[in-house]
$ cat start_12.cif   # mmCIF, C-alpha atoms
data_start
loop_
_atom_site.label_atom_id
_atom_site.label_comp_id
_atom_site.auth_asym_id
_atom_site.auth_seq_id
_atom_site.Cartn_x
_atom_site.Cartn_y
_atom_site.Cartn_z
CA MET A 1 36.64 -28.59 29.11
CA VAL A 2 33.98 -30.59 30.95
CA LYS A 3 32.08 -27.39 31.66
CA LYS A 4 32.05 -26.50 27.96
CA LEU A 5 30.78 -29.97 27.03
CA ILE A 6 27.95 -29.58 29.51
CA TRP A 7 27.03 -26.23 28.02
CA LEU A 8 27.04 -27.73 24.53
CA ILE A 9 24.72 -30.54 25.60
CA VAL A 10 22.33 -28.06 27.22
CA CYS A 11 22.37 -25.86 24.14
CA GLY A 12 21.69 -28.86 21.91
CA LEU A 13 18.66 -29.81 23.97
CA LEU A 14 17.30 -26.28 23.83
CA LEU A 15 17.83 -26.10 20.07
CA SER A 16 16.02 -29.41 19.63
CA LEU A 17 13.09 -28.00 21.57
CA ALA A 18 13.17 -24.94 19.31
CA VAL A 19 13.05 -27.14 16.20
CA ALA A 20 10.10 -29.05 17.59
CA SER A 21 8.20 -25.86 18.35
CA ALA A 22 8.92 -24.42 14.90
CA GLN A 23 7.81 -27.51 13.02
CA ASP A 24 4.12 -27.50 13.96
CA ASP A 25 1.80 -28.58 11.20
CA ILE A 26 1.97 -25.40 9.12
CA SER A 27 0.64 -27.27 6.09
CA GLN A 28 -2.84 -27.53 7.64
CA ARG A 29 -3.25 -23.91 8.64
CA ARG A 30 -6.21 -22.31 6.89
CA VAL A 31 -5.48 -19.52 4.41
CA THR A 32 -7.34 -17.41 1.85
CA VAL A 33 -5.54 -16.26 -1.32
CA LYS A 34 -7.10 -14.24 -4.13
CA TYR A 35 -4.89 -12.69 -6.84
CA ASP A 36 -5.34 -11.96 -10.53
CA GLN A 37 -2.19 -11.99 -12.68
CA ALA A 38 -0.01 -11.03 -9.70
CA ASP A 39 3.75 -11.47 -9.42
CA ILE A 40 4.41 -14.94 -8.01
CA ARG A 41 7.17 -13.71 -5.71
CA TYR A 42 4.76 -11.24 -4.12
CA VAL A 43 2.00 -13.88 -3.83
CA LEU A 44 4.37 -16.36 -2.14
CA LYS A 45 5.59 -13.70 0.28
CA GLN A 46 2.02 -12.91 1.34
CA LEU A 47 1.18 -16.61 1.67
CA PHE A 48 4.19 -17.48 3.84
CA ASP A 49 3.77 -14.35 5.93
CA SER A 50 0.17 -15.30 6.66
CA VAL A 51 1.26 -18.53 8.40
CA GLY A 52 4.60 -17.30 9.77
CA ALA A 53 6.62 -19.82 7.75
CA ASN A 54 10.21 -19.37 6.54
CA TYR A 55 10.99 -19.77 2.88
CA SER A 56 13.70 -19.43 0.24
CA LEU A 57 13.14 -18.60 -3.44
CA ASP A 58 15.33 -19.89 -6.25
CA PRO A 59 16.54 -16.96 -8.43
CA ASN A 60 14.74 -18.53 -11.42
CA VAL A 61 11.31 -18.29 -9.81
CA GLN A 62 9.53 -15.74 -12.00
CA GLY A 63 6.14 -15.08 -13.59
CA THR A 64 2.55 -14.25 -12.64
CA VAL A 65 -0.25 -16.37 -11.18
CA THR A 66 -4.01 -16.21 -10.83
CA VAL A 67 -5.54 -17.91 -7.80
CA SER A 68 -8.81 -17.66 -5.85
CA LEU A 69 -9.01 -19.95 -2.80
CA THR A 70 -10.97 -19.37 0.40
CA ASP A 71 -10.25 -21.03 3.75
CA VAL A 72 -8.11 -23.92 2.43
CA PRO A 73 -5.08 -25.66 3.98
CA PHE A 74 -1.76 -23.89 3.43
CA SER A 75 -0.37 -26.89 1.51
CA VAL A 76 -3.31 -26.82 -0.93
CA ALA A 77 -2.83 -23.12 -1.65
CA LEU A 78 0.94 -23.56 -2.07
CA ASP A 79 0.51 -26.45 -4.54
CA ALA A 80 -2.07 -24.49 -6.56
CA ILE A 81 0.31 -21.53 -6.89
CA LEU A 82 3.44 -23.54 -7.69
CA ARG A 83 1.77 -25.71 -10.34
CA GLN A 84 1.06 -22.67 -12.50
CA GLN A 85 4.79 -21.99 -12.98
CA ASN A 86 6.00 -25.64 -12.85
CA LEU A 87 7.62 -25.17 -9.45
CA THR A 88 8.22 -27.53 -6.57
CA TYR A 89 9.38 -27.28 -2.97
CA ARG A 90 11.07 -29.18 -0.18
CA VAL A 91 11.14 -28.53 3.55
CA GLU A 92 14.42 -28.65 5.45
CA SER A 93 14.84 -27.54 9.06
CA GLY A 94 11.54 -25.68 8.93
CA VAL A 95 12.44 -23.73 5.75
CA TYR A 96 10.43 -24.13 2.52
CA TYR A 97 12.81 -24.13 -0.46
CA ILE A 98 10.98 -23.13 -3.68
CA THR A 99 12.72 -24.24 -6.90
CA VAL A 100 11.94 -24.83 -10.57
CA ARG A 101 10.79 -28.41 -11.19
CA GLN A 102 13.46 -30.27 -13.16
CA PRO A 103 12.39 -32.83 -15.81
CA GLU A 104 13.40 -36.40 -14.97
CA GLU A 105 16.16 -37.58 -17.31
CA ALA A 106 17.27 -41.19 -17.70
CA PRO A 107 21.05 -41.72 -17.44
CA ILE A 108 22.76 -42.15 -20.78
CA THR A 109 25.00 -45.25 -20.99
CA THR A 110 26.94 -46.83 -23.83
CA GLY A 111 28.22 -50.37 -24.04
CA GLY A 112 26.93 -51.36 -20.64
CA GLU A 113 29.06 -48.76 -18.93
CA THR A 114 27.84 -47.41 -15.65
CA PRO A 115 27.68 -43.64 -15.67
CA GLU A 116 29.96 -41.92 -13.26
CA GLU A 117 28.32 -40.45 -10.25
CA GLN A 118 28.16 -36.71 -10.47
CA PRO A 119 29.17 -34.85 -7.34
CA GLN A 120 26.16 -33.32 -5.63
CA THR A 121 26.09 -29.55 -5.61
CA THR A 122 24.30 -27.33 -3.21
CA ASN A 123 21.98 -24.77 -4.78
CA ILE A 124 22.56 -21.80 -2.53
CA PRO A 125 19.59 -19.44 -2.86
CA GLU A 126 20.13 -15.74 -3.35
CA LYS A 127 18.11 -14.91 -0.23
CA ILE A 128 16.54 -16.68 2.73
CA GLN A 129 13.73 -14.84 4.46
CA LEU A 130 13.14 -15.67 8.14
CA ASN A 131 9.71 -14.50 9.26
CA TYR A 132 10.30 -15.39 12.89
CA ALA A 133 13.52 -15.85 14.83
CA ASN A 134 14.54 -19.37 15.72
CA PRO A 135 18.05 -20.27 16.84
CA ALA A 136 17.69 -23.79 15.49
CA LEU A 137 17.15 -22.45 11.99
CA ILE A 138 20.17 -20.19 12.31
CA ALA A 139 22.14 -23.20 13.46
CA ALA A 140 20.94 -25.26 10.52
CA LEU A 141 21.97 -22.54 8.10
CA LEU A 142 25.37 -22.12 9.65
CA GLY A 143 26.14 -25.78 10.25
CA ALA A 144 24.28 -27.79 7.63
CA THR A 145 25.04 -25.78 4.52
CA GLN A 146 28.44 -24.51 5.66
CA ILE A 147 27.79 -21.02 4.31
CA ASN A 148 28.50 -17.61 5.69
CA TYR A 149 25.16 -16.34 6.94
CA ALA A 150 26.31 -12.75 6.46
CA GLN A 151 25.44 -13.08 2.74
CA TYR A 152 21.76 -13.51 3.55
CA GLU A 153 19.21 -10.84 4.24
CA MET A 154 17.24 -11.98 7.27
CA SER A 155 13.94 -10.34 8.15
CA MET A 156 13.86 -10.73 11.92
CA MET A 157 11.00 -9.79 14.23
CA GLY A 158 12.85 -8.42 17.22
CA GLY A 159 16.09 -10.32 16.53
CA PHE A 160 15.88 -13.81 18.07
CA GLY A 161 12.52 -12.58 19.33
CA GLY A 162 11.29 -16.16 19.75
CA PHE A 163 13.59 -16.32 22.78
CA GLY A 164 13.42 -12.63 23.68
CA GLY A 165 17.03 -12.21 22.61
CA PHE A 166 17.58 -15.42 24.61
CA GLY A 167 16.04 -13.34 27.39
CA GLY A 168 13.62 -16.19 28.18
CA PHE A 169 16.64 -18.05 29.46
CA GLY A 170 18.27 -14.96 30.94
CA GLY A 171 20.59 -14.68 27.96
CA PHE A 172 21.60 -18.17 29.11
CA GLY A 173 22.89 -16.13 32.03
CA GLY A 174 22.15 -19.04 34.36
CA PHE A 175 24.63 -21.05 32.39
CA GLY A 176 27.29 -18.37 32.35
CA GLY A 177 26.43 -16.89 28.94
CA PHE A 178 27.15 -20.14 27.02
CA GLY A 179 30.05 -20.81 29.38
CA GLY A 180 32.55 -18.74 27.46
CA PHE A 181 30.79 -18.65 24.08
CA SER A 182 29.91 -15.02 23.35
CA ASN A 183 27.48 -15.63 20.46
CA LEU A 184 26.33 -18.14 17.82
CA GLU A 185 29.47 -17.67 15.75
CA ASP A 186 31.60 -18.91 18.67
CA LEU A 187 29.22 -21.83 19.19
CA PHE A 188 29.19 -23.00 15.57
CA GLY A 189 32.77 -22.19 14.64
CA GLY A 190 32.06 -19.12 12.52
CA PRO A 191 34.16 -15.95 12.44
CA ARG A 192 34.20 -14.12 15.75
CA ARG A 193 32.47 -10.76 15.76
CA ARG A 194 31.68 -9.33 19.17
CA THR A 195 28.72 -7.06 18.54
CA GLY A 196 26.99 -7.26 21.91
CA SER A 197 24.53 -9.73 23.31
CA ARG A 198 22.68 -10.15 19.99
CA THR A 199 23.79 -11.09 16.52
CA ARG A 200 23.05 -8.16 14.25
CA VAL A 201 21.37 -8.91 10.97
CA ARG A 202 20.47 -6.68 8.07
CA ALA A 203 16.75 -6.16 7.63
CA THR A 204 15.16 -6.91 4.28
CA PRO A 205 14.52 -3.58 2.49
CA THR A 206 10.87 -2.78 1.92
CA VAL A 207 9.69 -1.68 -1.51
CA GLU A 208 8.75 1.99 -1.38
CA PRO A 209 5.43 2.92 -3.03
CA VAL A 210 5.53 4.82 -6.31
CA GLU A 211 4.07 8.34 -6.13
CA THR A 212 2.41 10.16 -9.02
CA GLU A 213 -0.39 12.68 -9.65
CA VAL A 214 -3.91 12.19 -10.92
CA SER A 215 -6.42 14.81 -12.14
CA ILE A 216 -10.00 14.31 -11.00
CA PRO A 217 -13.04 16.17 -12.39
CA PHE A 218 -14.63 18.62 -9.95
CA LEU A 219 -17.94 16.73 -9.76
CA THR A 220 -16.20 13.36 -9.20
CA ALA A 221 -14.18 14.82 -6.33
CA ALA A 222 -17.32 16.35 -4.80
CA LEU A 223 -19.80 13.48 -5.28
CA GLY A 224 -17.43 10.49 -5.43
CA GLY A 225 -16.89 8.00 -8.23
CA THR A 226 -13.96 6.38 -10.02
CA VAL A 227 -10.99 7.52 -12.06
CA SER A 228 -9.01 5.32 -14.46
CA ILE A 229 -5.21 5.07 -14.47
CA GLN A 230 -2.71 3.04 -16.52
CA VAL A 231 -0.12 0.96 -14.63
CA GLY A 232 2.20 -1.43 -16.44
CA GLY A 233 -0.03 -1.60 -19.51
CA ARG A 234 -3.18 -2.37 -17.53
CA GLN A 235 -6.12 -0.08 -16.78
CA ILE A 236 -7.15 0.24 -13.14
CA ASP A 237 -10.31 1.97 -11.91
CA VAL A 238 -9.54 3.76 -8.65
CA LYS A 239 -12.39 4.56 -6.26
CA VAL A 240 -12.66 8.25 -5.31
CA PRO A 241 -14.43 8.95 -1.99
CA PRO A 242 -16.97 11.83 -1.91
CA GLY A 243 -15.56 15.17 -0.78
CA ILE A 244 -11.88 14.39 -1.40
CA GLU A 245 -9.76 17.54 -1.23
CA GLU A 246 -6.90 18.95 -3.30
CA GLY A 247 -3.52 17.40 -2.42
CA LYS A 248 -4.91 14.31 -0.68
CA LYS A 249 -3.50 10.91 -1.67
CA LEU A 250 -5.18 7.74 -2.88
CA ARG A 251 -3.39 4.40 -2.38
CA VAL A 252 -3.60 1.69 -5.04
CA PRO A 253 -2.41 -1.60 -3.45
CA ALA A 254 0.19 -3.85 -5.05
CA GLU A 255 -2.47 -6.54 -5.51
CA ALA A 256 -4.13 -4.27 -8.08
CA THR A 257 -0.98 -3.03 -9.84
CA GLY A 258 0.79 -6.40 -9.89
CA SER A 259 4.05 -4.83 -8.70
CA THR A 260 4.08 -2.27 -5.89
CA ASP A 261 1.78 0.18 -4.13
CA VAL A 262 1.02 3.40 -6.01
CA LEU A 263 0.20 6.68 -4.25
CA LEU A 264 -1.89 9.10 -6.29
CA LYS A 265 -1.69 12.78 -5.30
CA VAL A 266 -5.05 14.33 -6.14
CA HIS A 267 -5.38 17.42 -8.35
CA ILE A 268 -8.99 18.63 -8.73
CA GLU A 269 -9.91 20.18 -12.06
CA PRO A 270 -11.75 23.55 -11.89
CA HIS A 271 -15.51 23.77 -12.56
CA PRO A 272 -16.96 26.26 -15.06
CA TYR A 273 -18.96 28.10 -12.36
CA PHE A 274 -18.75 26.37 -8.96
CA ARG A 275 -15.94 27.17 -6.53
CA ARG A 276 -15.12 25.31 -3.34
CA GLU A 277 -14.34 26.44 0.22
CA GLY A 278 -13.99 23.26 2.29
CA ASN A 279 -17.37 21.52 1.95
CA ASP A 280 -19.14 24.76 0.97
CA LEU A 281 -19.76 25.78 -2.63
CA LEU A 282 -19.74 29.32 -4.07
CA LEU A 283 -21.73 30.25 -7.18
CA ASP A 284 -21.59 33.70 -8.84
CA VAL A 285 -25.12 34.82 -9.83
CA PRO A 286 -25.29 37.79 -12.25
CA ILE A 287 -28.30 40.11 -11.82
CA SER A 288 -29.44 43.24 -13.70
CA ILE A 289 -29.64 46.78 -12.30
CA ALA A 290 -33.41 46.53 -12.21
CA GLU A 291 -33.29 43.20 -10.30
CA ALA A 292 -30.75 44.65 -7.89
CA ILE A 293 -32.92 47.72 -7.17
CA LEU A 294 -36.42 46.30 -7.37
CA GLY A 295 -35.77 42.67 -6.41
CA GLY A 296 -37.02 39.61 -8.25
CA SER A 297 -36.26 35.91 -8.62
CA VAL A 298 -33.57 33.98 -10.47
CA GLU A 299 -33.02 30.32 -11.31
CA VAL A 300 -29.71 28.75 -10.15
CA PRO A 301 -28.13 25.29 -10.68
CA THR A 302 -26.97 22.95 -7.89
CA LEU A 303 -24.12 20.41 -7.72
CA THR A 304 -26.42 17.48 -8.53
CA GLY A 305 -27.96 19.19 -11.58
CA GLU A 306 -31.12 20.28 -9.81
CA ARG A 307 -32.32 23.86 -10.54
CA LEU A 308 -33.76 26.10 -7.81
CA GLU A 309 -35.63 29.41 -7.97
CA VAL A 310 -34.17 31.96 -5.54
CA LYS A 311 -35.54 35.39 -4.55
CA VAL A 312 -33.40 38.50 -4.95
CA GLN A 313 -34.11 41.03 -2.25
CA PRO A 314 -34.65 44.69 -3.32
CA GLY A 315 -31.51 46.77 -2.87
CA THR A 316 -29.08 43.86 -3.44
CA SER A 317 -25.51 45.01 -4.09
CA SER A 318 -22.68 43.15 -5.83
CA GLY A 319 -20.95 40.71 -3.49
CA LYS A 320 -24.00 40.10 -1.28
CA ARG A 321 -24.45 36.42 -0.42
CA ALA A 322 -27.50 34.20 -0.02
CA ARG A 323 -27.14 30.76 1.59
CA ILE A 324 -28.92 27.58 0.55
CA ARG A 325 -28.45 25.02 3.31
CA GLY A 326 -27.29 21.48 2.60
CA LYS A 327 -26.63 22.00 -1.11
CA GLY A 328 -22.85 21.92 -0.81
CA ILE A 329 -20.47 18.94 -0.50
CA GLN A 330 -21.08 16.26 2.14
CA GLY A 331 -23.69 18.36 3.99
CA GLY A 332 -22.06 21.72 3.30
CA ASP A 333 -23.93 24.80 2.07
CA LEU A 334 -24.27 26.53 -1.30
CA TYR A 335 -23.58 30.29 -1.24
CA LEU A 336 -24.93 32.50 -4.03
CA VAL A 337 -22.73 35.53 -4.66
CA PHE A 338 -24.68 38.23 -6.53
CA LYS A 339 -22.97 40.30 -9.21
CA VAL A 340 -24.76 43.42 -10.52
CA MET A 341 -24.20 43.64 -14.27
CA VAL A 342 -24.41 46.87 -16.30
CA PRO A 343 -25.71 46.74 -19.90
CA PRO A 344 -22.80 46.92 -22.35
CA GLY A 345 -22.38 49.88 -24.70
CA GLU A 346 -24.08 53.28 -24.76
CA VAL A 347 -27.62 53.79 -23.46
CA ASP A 348 -30.12 55.96 -25.33
CA ALA A 349 -30.79 59.58 -24.35
CA HIS A 350 -34.11 58.89 -22.67
CA SER A 351 -32.60 56.17 -20.50
CA ARG A 352 -29.82 58.54 -19.47
CA GLU A 353 -32.41 61.12 -18.40
CA LEU A 354 -34.27 58.50 -16.34
CA ILE A 355 -31.08 57.35 -14.62
CA ALA A 356 -30.08 60.95 -13.90
CA GLU A 357 -33.53 61.59 -12.44
CA PHE A 358 -33.18 58.46 -10.30
CA ALA A 359 -29.82 59.68 -9.00
CA ARG A 360 -31.30 63.06 -8.07
CA ARG A 361 -34.20 61.42 -6.24
CA ASN A 362 -32.03 58.85 -4.48
CA PRO A 363 -28.74 60.49 -3.53
CA TYR A 364 -26.25 57.82 -2.39
CA ASN A 365 -22.46 57.79 -2.13
CA PRO A 366 -21.18 54.17 -1.84
CA ARG A 367 -17.69 55.49 -1.01
CA ALA A 368 -18.80 57.70 1.87
CA ASN A 369 -17.43 55.31 4.49
#
$ encode --input "start_12.cif" --output "structure tokens"
Amino acid sequence: MVKKLIWLIVCGLLLSLAVASAQDDISQRRVTVKYDQADIRYVLKQLFDSVGANYSLDPNVQGTVTVSLTDVPFSVALDAILRQQNLTYRVESGVYYITVRQPEEAPITTGGETPEEQPQTTNIPEKIQLNYANPALIAALLGATQINYAQYEMSMMGGFGGFGGFGGFGGFGGFGGFGGFSNLEDLFGGPRRRTGSRTRVRATPTVEPVETEVSIPFLTAALGGTVSIQVGGRQIDVKVPPGIEEGKKLRVPAEATGSTDVLLKVHIEPHPYFRREGNDLLLDVPISIAEAILGGSVEVPTLTGERLEVKVQPGTSSGKRARIRGKGIQGGDLYLVFKVMVPPGEVDAHSRELIAEFARRNPYNPRAN
């Protein structure tokens, strides 16, 4: 019995030290918050995460906020956010409890009667988020509020990571593993569950990003630009980097959507005459029979709208390519693919005689090989 009392005293001292270390002056830590019509629950999560503070949200905390503060104390940023939705907070055992501000009401009395005292009720929040592990806070939750901590979702970094799973004290091995107490439930009178050296807690589920598709014009995908999407009734301009390829994904952060991240799978619309092979461009260039045989020059467009004059070598066949360096995408090349075009319809008798004479003078069988 004496041994157990000694262990309890030692544990109490260690928990007091933990409380002291957890209650540094968080209110004066410098933060920067910039949001436009963002969900207040998301804004508060980002704010508390930035300083490593623990917090609890009342179920009635709802709405959106707009805030733009740079390098201000944490307490100033918190007050600016809460005022917009008529909220207030209190700090107990290192946990910030965010609740709706209640209007002050004077007690109603009749005939000099003293109103009966109403029993105080405890507003148990729907969830307490712990951003860092601290045994003292666990103890406060288990002992002060007399609630079953299993109903809470606790986001733990390494599970009692602040003490290395109590590893910093050898799992209290030097004291015989709490001197007969197997875990916190034994220590604080909770239900016994032997689950190993650590108390297992359920991690807070992360919100998965929403995936959808977006069509991007060929030139926007090649040269870069923006594309507009509609999310929750608001229009968002998404930046498209130059040279983005088919099937790649663009991420729109929750700060822009006001709810959750959105992943956009890219579909590139076809171009009327350009085709793409990686960062190279292909352009079909039709030429006449005379140009193919005798050579000449043709004018071709480029991706940026510039027009270039290109020579056609004599004896050019369909499918032959000519390369223009650096006129593709992001330093790629532009390839001209020549296509020999035959005049449509019947040719006159004289033209037929000339072509027949040409064939006799220049025998050639393109299928010989």
$ closest_residue --input "start_12.cif" --among "A:Val65, A:Asn54, A:Val252, A:Leu283" --to "Glu92 (chain A)" --atoms "only C-alpha atoms"
A:Asn54
$ resolve_selection --input "start_12.cif" --expression "the PyMOL selection byres ((chain A and resi 244-250) around 12)" --output "PyMOL selection string"
chain A and resi 209-227+229+237-243+251-253+261-270+276-279+329-330
$ atom_distance --input "start_12.cif" --atom1 "CA of Thr70 (chain A)" --atom2 "CA of Val31 (chain A)"
6.8 Å
$ resolve_selection --input "start_12.cif" --expression "the PyMOL selection byres ((chain A and resi 307-314) around 12)" --output "short mmCIF file (atom, residue, chain, number, x, y, z; two decimals) with C-alpha atoms, in the frame of the given file"
data_model
loop_
_atom_site.label_atom_id
_atom_site.label_comp_id
_atom_site.auth_asym_id
_atom_site.auth_seq_id
_atom_site.Cartn_x
_atom_site.Cartn_y
_atom_site.Cartn_z
CA VAL A 285 -25.12 34.82 -9.83
CA PRO A 286 -25.29 37.79 -12.25
CA ILE A 287 -28.30 40.11 -11.82
CA SER A 288 -29.44 43.24 -13.70
CA ILE A 289 -29.64 46.78 -12.30
CA ALA A 290 -33.41 46.53 -12.21
CA GLU A 291 -33.29 43.20 -10.30
CA ALA A 292 -30.75 44.65 -7.89
CA ILE A 293 -32.92 47.72 -7.17
CA LEU A 294 -36.42 46.30 -7.37
CA GLY A 295 -35.77 42.67 -6.41
CA GLY A 296 -37.02 39.61 -8.25
CA SER A 297 -36.26 35.91 -8.62
CA VAL A 298 -33.57 33.98 -10.47
CA GLU A 299 -33.02 30.32 -11.31
CA VAL A 300 -29.71 28.75 -10.15
CA PRO A 301 -28.13 25.29 -10.68
CA THR A 302 -26.97 22.95 -7.89
CA LEU A 303 -24.12 20.41 -7.72
CA THR A 304 -26.42 17.48 -8.53
CA GLY A 305 -27.96 19.19 -11.58
CA GLU A 306 -31.12 20.28 -9.81
CA GLY A 315 -31.51 46.77 -2.87
CA THR A 316 -29.08 43.86 -3.44
CA SER A 317 -25.51 45.01 -4.09
CA SER A 318 -22.68 43.15 -5.83
CA LYS A 320 -24.00 40.10 -1.28
CA ARG A 321 -24.45 36.42 -0.42
CA ALA A 322 -27.50 34.20 -0.02
CA ARG A 323 -27.14 30.76 1.59
CA ILE A 324 -28.92 27.58 0.55
CA LYS A 327 -26.63 22.00 -1.11
CA LEU A 334 -24.27 26.53 -1.30
CA TYR A 335 -23.58 30.29 -1.24
CA LEU A 336 -24.93 32.50 -4.03
CA VAL A 337 -22.73 35.53 -4.66
CA PHE A 338 -24.68 38.23 -6.53
CA LYS A 339 -22.97 40.30 -9.21
CA VAL A 340 -24.76 43.42 -10.52
#
$ atom_distance --input "start_12.cif" --atom1 "CA of Ser75 (chain A)" --atom2 "CA of Gln28 (chain A)"
6.6 Å
$ residues_near_point --input "start_12.cif" --point "(7.5, -18.5, -7.7)" --cutoff "9 Å" --atoms "only C-alpha atoms" --output "ChimeraX atom specification"
/A:39-44,57-58,60-65,81-82,85-87,98-100
$ atom_distance --input "start_12.cif" --atom1 "CA of Phe74 (chain A)" --atom2 "CA of Gln46 (chain A)"
11.8 Å
$ closest_residue --input "start_12.cif" --among "A:Thr32, A:Ser50, A:Thr66, A:Thr257" --to "Gln235 (chain A)" --atoms "only C-alpha atoms"
A:Thr257
$ residues_around --input "start_12.cif" --residues "Gly258 (chain A)" --least-positions-apart "3" --cutoff "8 Å" --atoms "all atoms listed in the file" --output "ChimeraX atom specification"
/A:37-39,254-255
$ closest_residue --input "start_12.cif" --among "A:Arg29, A:Tyr35, A:Val67, A:Arg361" --to "Val51 (chain A)" --atoms "all atoms listed in the file"
A:Arg29
$ closest_residue --input "start_12.cif" --among "A:Arg101, A:Asn369, A:Ser27, A:Leu281" --to "Arg325 (chain A)" --atoms "all atoms listed in the file"
A:Leu281
